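Have a look at the structure below, then the notes.
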Amino acid sequence: MERKEFRELTSVEDARELVDNIRVQPGITVLPIEKAAGHIIAEDILSGLDVPAFNRSVKDGYAVRAKDTYQASEPEPINLKVTGSIPAGCEDSFFVDDGEAIEISTGAPIPDGADAVVMVESTKQTDDSLFVYQPVHINENIMRAGNDIMKGERILRKNTRIGSREIGVLASVGMDKVPVKELVVGIISTGSELIRPGEKLGISKIYDANSYAIAAGIEECGGNPLIYGIVHDDEKLMEETLDRAITECDIVLTSGSTSAGAGDIMYMIIEEKGETLTHGIAIKPGKPVVIGMINNVPTIGLPGNPTSALSIFNEFVAPIIHNSLGVKPSFKTKMTATMGTGIRSGGREELFPVGVVRGRVYPADKTSGAITTLSDADGIIEIRAHTEYIEPGSEVEVTMFGNVRSPDLMLVGGQCPGIDLLEEMTGLMFRTLNTGSSAGFTAISSGTADIACVNMVDADGNYNSSVLKRMNLEDVVLVKGYRREQGLIFKPDNHVYGLEDILKLQIINRNRGSGTRALLDREIGLLAEAKGVSKSEIIKSLKGYNSGSKTHRSVCDAVKSGKADVGFGLRAAAEEAGLEFIPVAEDEFDFVIRKDLMEISEIKDFLEVLRSEDFAKRLPQGISTHETTGSIISSF
């Protein structure tokens, strides 16, 4: 084979543009979770159950009726009768009556009749008498079923790299297998001077470092390395190994034999079998790199020098793997960032989970019992025992979790499929907390959200502006979003014809503080007025009114599973779930944005997509834009 000299070197910019245009379609395989770490999730993961699956105590103490403790104080404790004890994992049935208490362990199920847990530190027990020195309110020290994760809720997003946190989330919802992307990258090390690590090093021999270093790099990117071992400088052996790798792999990497020196022939084999896209890049180290295509398989010849090979891998191969898998590169382990809000310490040394958005740090901690604290955090900060409070604006060092990409925008408030579409179309990564419109307003007020997603209606049917005025919020703007059809969601075999029919059915309601719940309350009020009865009378008789699903999907899942006869939510969610829908009202889903962020690129991109015709066309049925969508309708 005739040896050729380098062609004209490709510039770094052109080489990067070249690799940015190379995409490989990965396969999908299902792995047990114990083997899934480092892989990329192939599809959105929805929870198949509520977490926790039952109401449970988050403290050691006593299950009580809150009203029995309201008069308790240090000077005058109230006296309750202890009737039993419930350890964690207990399956027996218990009941708490007026004036009674049951000892309970952290994680144990709340007995019937009890609505609060008083901590053991606030009590003193003598025989079967319990003295309570501090009152508790309803739901205090209780984690309600589904409070962390609701069945049907998305817990992990497609294209998420699986680490220890994701494994914990999967296990917490009972999943033992996970669909992951499979991108096989073959590695061929060439050179007669190479031997395997562990073998005796002879004269003029060197250990093959590239196979293992590059394999580790592939795994860090989320790919599946396949090592073909060492191939000596023999043209026939090189061709045979390359032919095999091309049929078995999605991408093939070789190392060595790429320069124009005597004995370096891999670049000629690649050109003869396929197409050479470039041979030689104007970069140091790593100039003698070959990028080609053989049978539509990207085939890249890396330099033999380990430093050069890894440099080229990181600069030009890793982006192909990342782009093909739909993931972003890993971030550095530690970073310095600024506190976006204050954190008060509990007076002990803490490893505190935080989210990082554009260099600003926010608490990600929910409670010690919330599994999703893991998936909502980007890293941790270490808080010393003597630190009582970390001021907003303080610089802190964040230890990032491995392979985490920090989000571009923090969105808090109502849940909507339109948000998912905005994230997809902007190419930004959102940290989205679906906690309801009320929480969105609060997060904007405290400065812990970039955007509040809100659909809160008042008694007069007006959306969002009245809440902003009532809260006296300043330095924010209200941006018009879009309208959404809300109504009754039910299975085809349930006879539902209008809102009045819910009076005789079991309903699933949305969580308190959500705009959808407020809209249902308003519609119930209008129904009560038409029937000539009080709104409170209807609510009191409505079975399931006090339930609280966090998302429209979980409402649909409750209906599909038979937990409820009817739900109230979006047409888009009902149709996605294959359920029947009767429209009741249209709401206004708007966005509250901090004024100081209006000129940053992420907000500009968000608003540009929101205003676009493409966004309006791609919205699911039941959601539609206005002429003013994306415009500021109020300034505060």
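By order in the structure tokens, chains are A, B, ...; within a chain, residues start at 1; ligands start at 1, following the order shown.
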Hey, what's within 9 Å of Phe615 of chain A if we count only C-alpha atoms and toss same-chain stuff fewer than 3 positions away? As a PyMOL selection string, please?
chain A and resi 418+421-422+425+609-612+618-619+625
Just-selected residues, C-alpha atoms written as a PDB file, in the first residue's frame:
ATOM      1  CA  GLY A 418     -46.355  23.033  27.548  1.00  0.00           C
ATOM      2  CA  LEU A 421     -42.331  21.395  25.038  1.00  0.00           C
ATOM      3  CA  LEU A 422     -40.621  24.707  25.896  1.00  0.00           C
ATOM      4  CA  MET A 425     -37.614  23.517  21.828  1.00  0.00           C
ATOM      5  CA  VAL A 609     -39.837  30.034  21.638  1.00  0.00           C
ATOM      6  CA  LEU A 610     -42.982  30.907  23.623  1.00  0.00           C
ATOM      7  CA  ARG A 611     -43.889  33.513  20.959  1.00  0.00           C
ATOM      8  CA  SER A 612     -43.079  31.262  17.998  1.00  0.00           C
ATOM      9  CA  ARG A 618     -46.844  21.752  18.481  1.00  0.00           C
ATOM     10  CA  LEU A 619     -48.948  22.275  21.615  1.00  0.00           C
ATOM     11  CA  THR A 625     -51.845  30.420  22.446  1.00  0.00           C
TER      12      THR A 625
END
From the DSSP assignment of the backbone, select every residue of segment 466-565 of chain A that is helix (DSSP H, G or I), and format the answer as number ranges by chain.
A: 466-470, 499-504, 515-531, 535-541, 552-560
Contact check, segment 90-186 of chain A to segment 29-45 of chain A, at most 9 Å, counting only C-alpha atoms, closest pairs as a Markdown table:
| residue | atom | partner | partner_atom | distance |
| --- | --- | --- | --- | --- |
| A:Glu153 | CA | A:Ile45 | CA | 8.4 |
| A:Arg154 | CA | A:Ile45 | CA | 5.7 |
| A:Ile155 | CA | A:Ile45 | CA | 5.9 |
| A:Leu156 | CA | A:Ile45 | CA | 5.1 |
| A:Arg157 | CA | A:Asp44 | CA | 4.7 |
| A:Lys158 | CA | A:Glu43 | CA | 4.4 |
| A:Asn159 | CA | A:Ile41 | CA | 5.1 |
| A:Thr160 | CA | A:Ile41 | CA | 5.4 |
| A:Arg161 | CA | A:Ile40 | CA | 4.5 |
| A:Ile162 | CA | A:Ala37 | CA | 5.0 |
| A:Gly163 | CA | A:Ala37 | CA | 5.2 |
| A:Ser164 | CA | A:Ala37 | CA | 7.1 |
| A:Glu166 | CA | A:Ala37 | CA | 8.4 |
| A:Ile167 | CA | A:Ile33 | CA | 6.4 |
| A:Leu170 | CA | A:Ile33 | CA | 7.7 |
| A:Ala171 | CA | A:Ile33 | CA | 7.9 |
| A:Met175 | CA | A:Ile33 | CA | 7.8 |
| A:Asp176 | CA | A:Ile33 | CA | 5.5 |
| A:Lys177 | CA | A:Pro32 | CA | 4.2 |
| A:Val178 | CA | A:Val30 | CA | 5.4 |
| A:Pro179 | CA | A:Val30 | CA | 4.3 |
| A:Val180 | CA | A:Ile41 | CA | 4.5 |
| A:Lys181 | CA | A:Ala42 | CA | 5.1 |
| A:Glu182 | CA | A:Thr29 | CA | 6.3 |
With only C-alpha atoms as the basis for distance, which of A:Val117, A:Cys249, A:Ile381, A:Ile320 is at the shortest distance from Ser345 of chain A?
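Looking only at the distances to Ser345 of chain A, the closest residue turns out to be A:Ile381.
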If you run DSSP on this backbone, which residues of segment 61-142 of chain A come out as strand (DSSP E), and could you give them as a PyMOL selection string?
chain A and resi 61-64+78-86+100-104+116-119+123-126+129-132+142
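Taking atom CA of Pro583 of chain A and atom CA of Ile539 of chain A as endpoints, the distance between them is 20.4 Å.
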Test item: residues at most 8 Å from segment 598-605 of chain A, only C-alpha atoms, excluding those fewer than 6 positions along its chain, as number ranges by chain
A: 408-409, 426, 428
List the spatial neighbours of Ser85 of chain A as a PyMOL selection string - criterion: any atom at most 6 Å away, only C-alpha atoms, same-chain residues fewer than 5 positions off excluded.
chain A and resi 102-104
Just the selected residues (N, CA, C and O atoms), exported as a PDB file, in the first residue's frame, please.
ATOM      1  N   ILE A 102     -50.582   6.649  70.634  1.00  0.00           N
ATOM      2  CA  ILE A 102     -49.890   5.391  70.373  1.00  0.00           C
ATOM      3  C   ILE A 102     -48.432   5.711  70.090  1.00  0.00           C
ATOM      4  O   ILE A 102     -48.120   6.554  69.245  1.00  0.00           O
ATOM      5  N   GLU A 103     -47.524   5.046  70.791  1.00  0.00           N
ATOM      6  CA  GLU A 103     -46.095   5.235  70.539  1.00  0.00           C
ATOM      7  C   GLU A 103     -45.774   4.803  69.110  1.00  0.00           C
ATOM      8  O   GLU A 103     -46.285   3.779  68.638  1.00  0.00           O
ATOM      9  N   ILE A 104     -44.938   5.568  68.427  1.00  0.00           N
ATOM     10  CA  ILE A 104     -44.668   5.274  67.020  1.00  0.00           C
ATOM     11  C   ILE A 104     -43.211   5.549  66.693  1.00  0.00           C
ATOM     12  O   ILE A 104     -42.596   6.482  67.221  1.00  0.00           O
TER      13      ILE A 104
END
Quick one: pull the distance between atom CA of Gln621 of chain A and atom CA of Glu575 of chain A, Å, one decimal.
8.3 Å
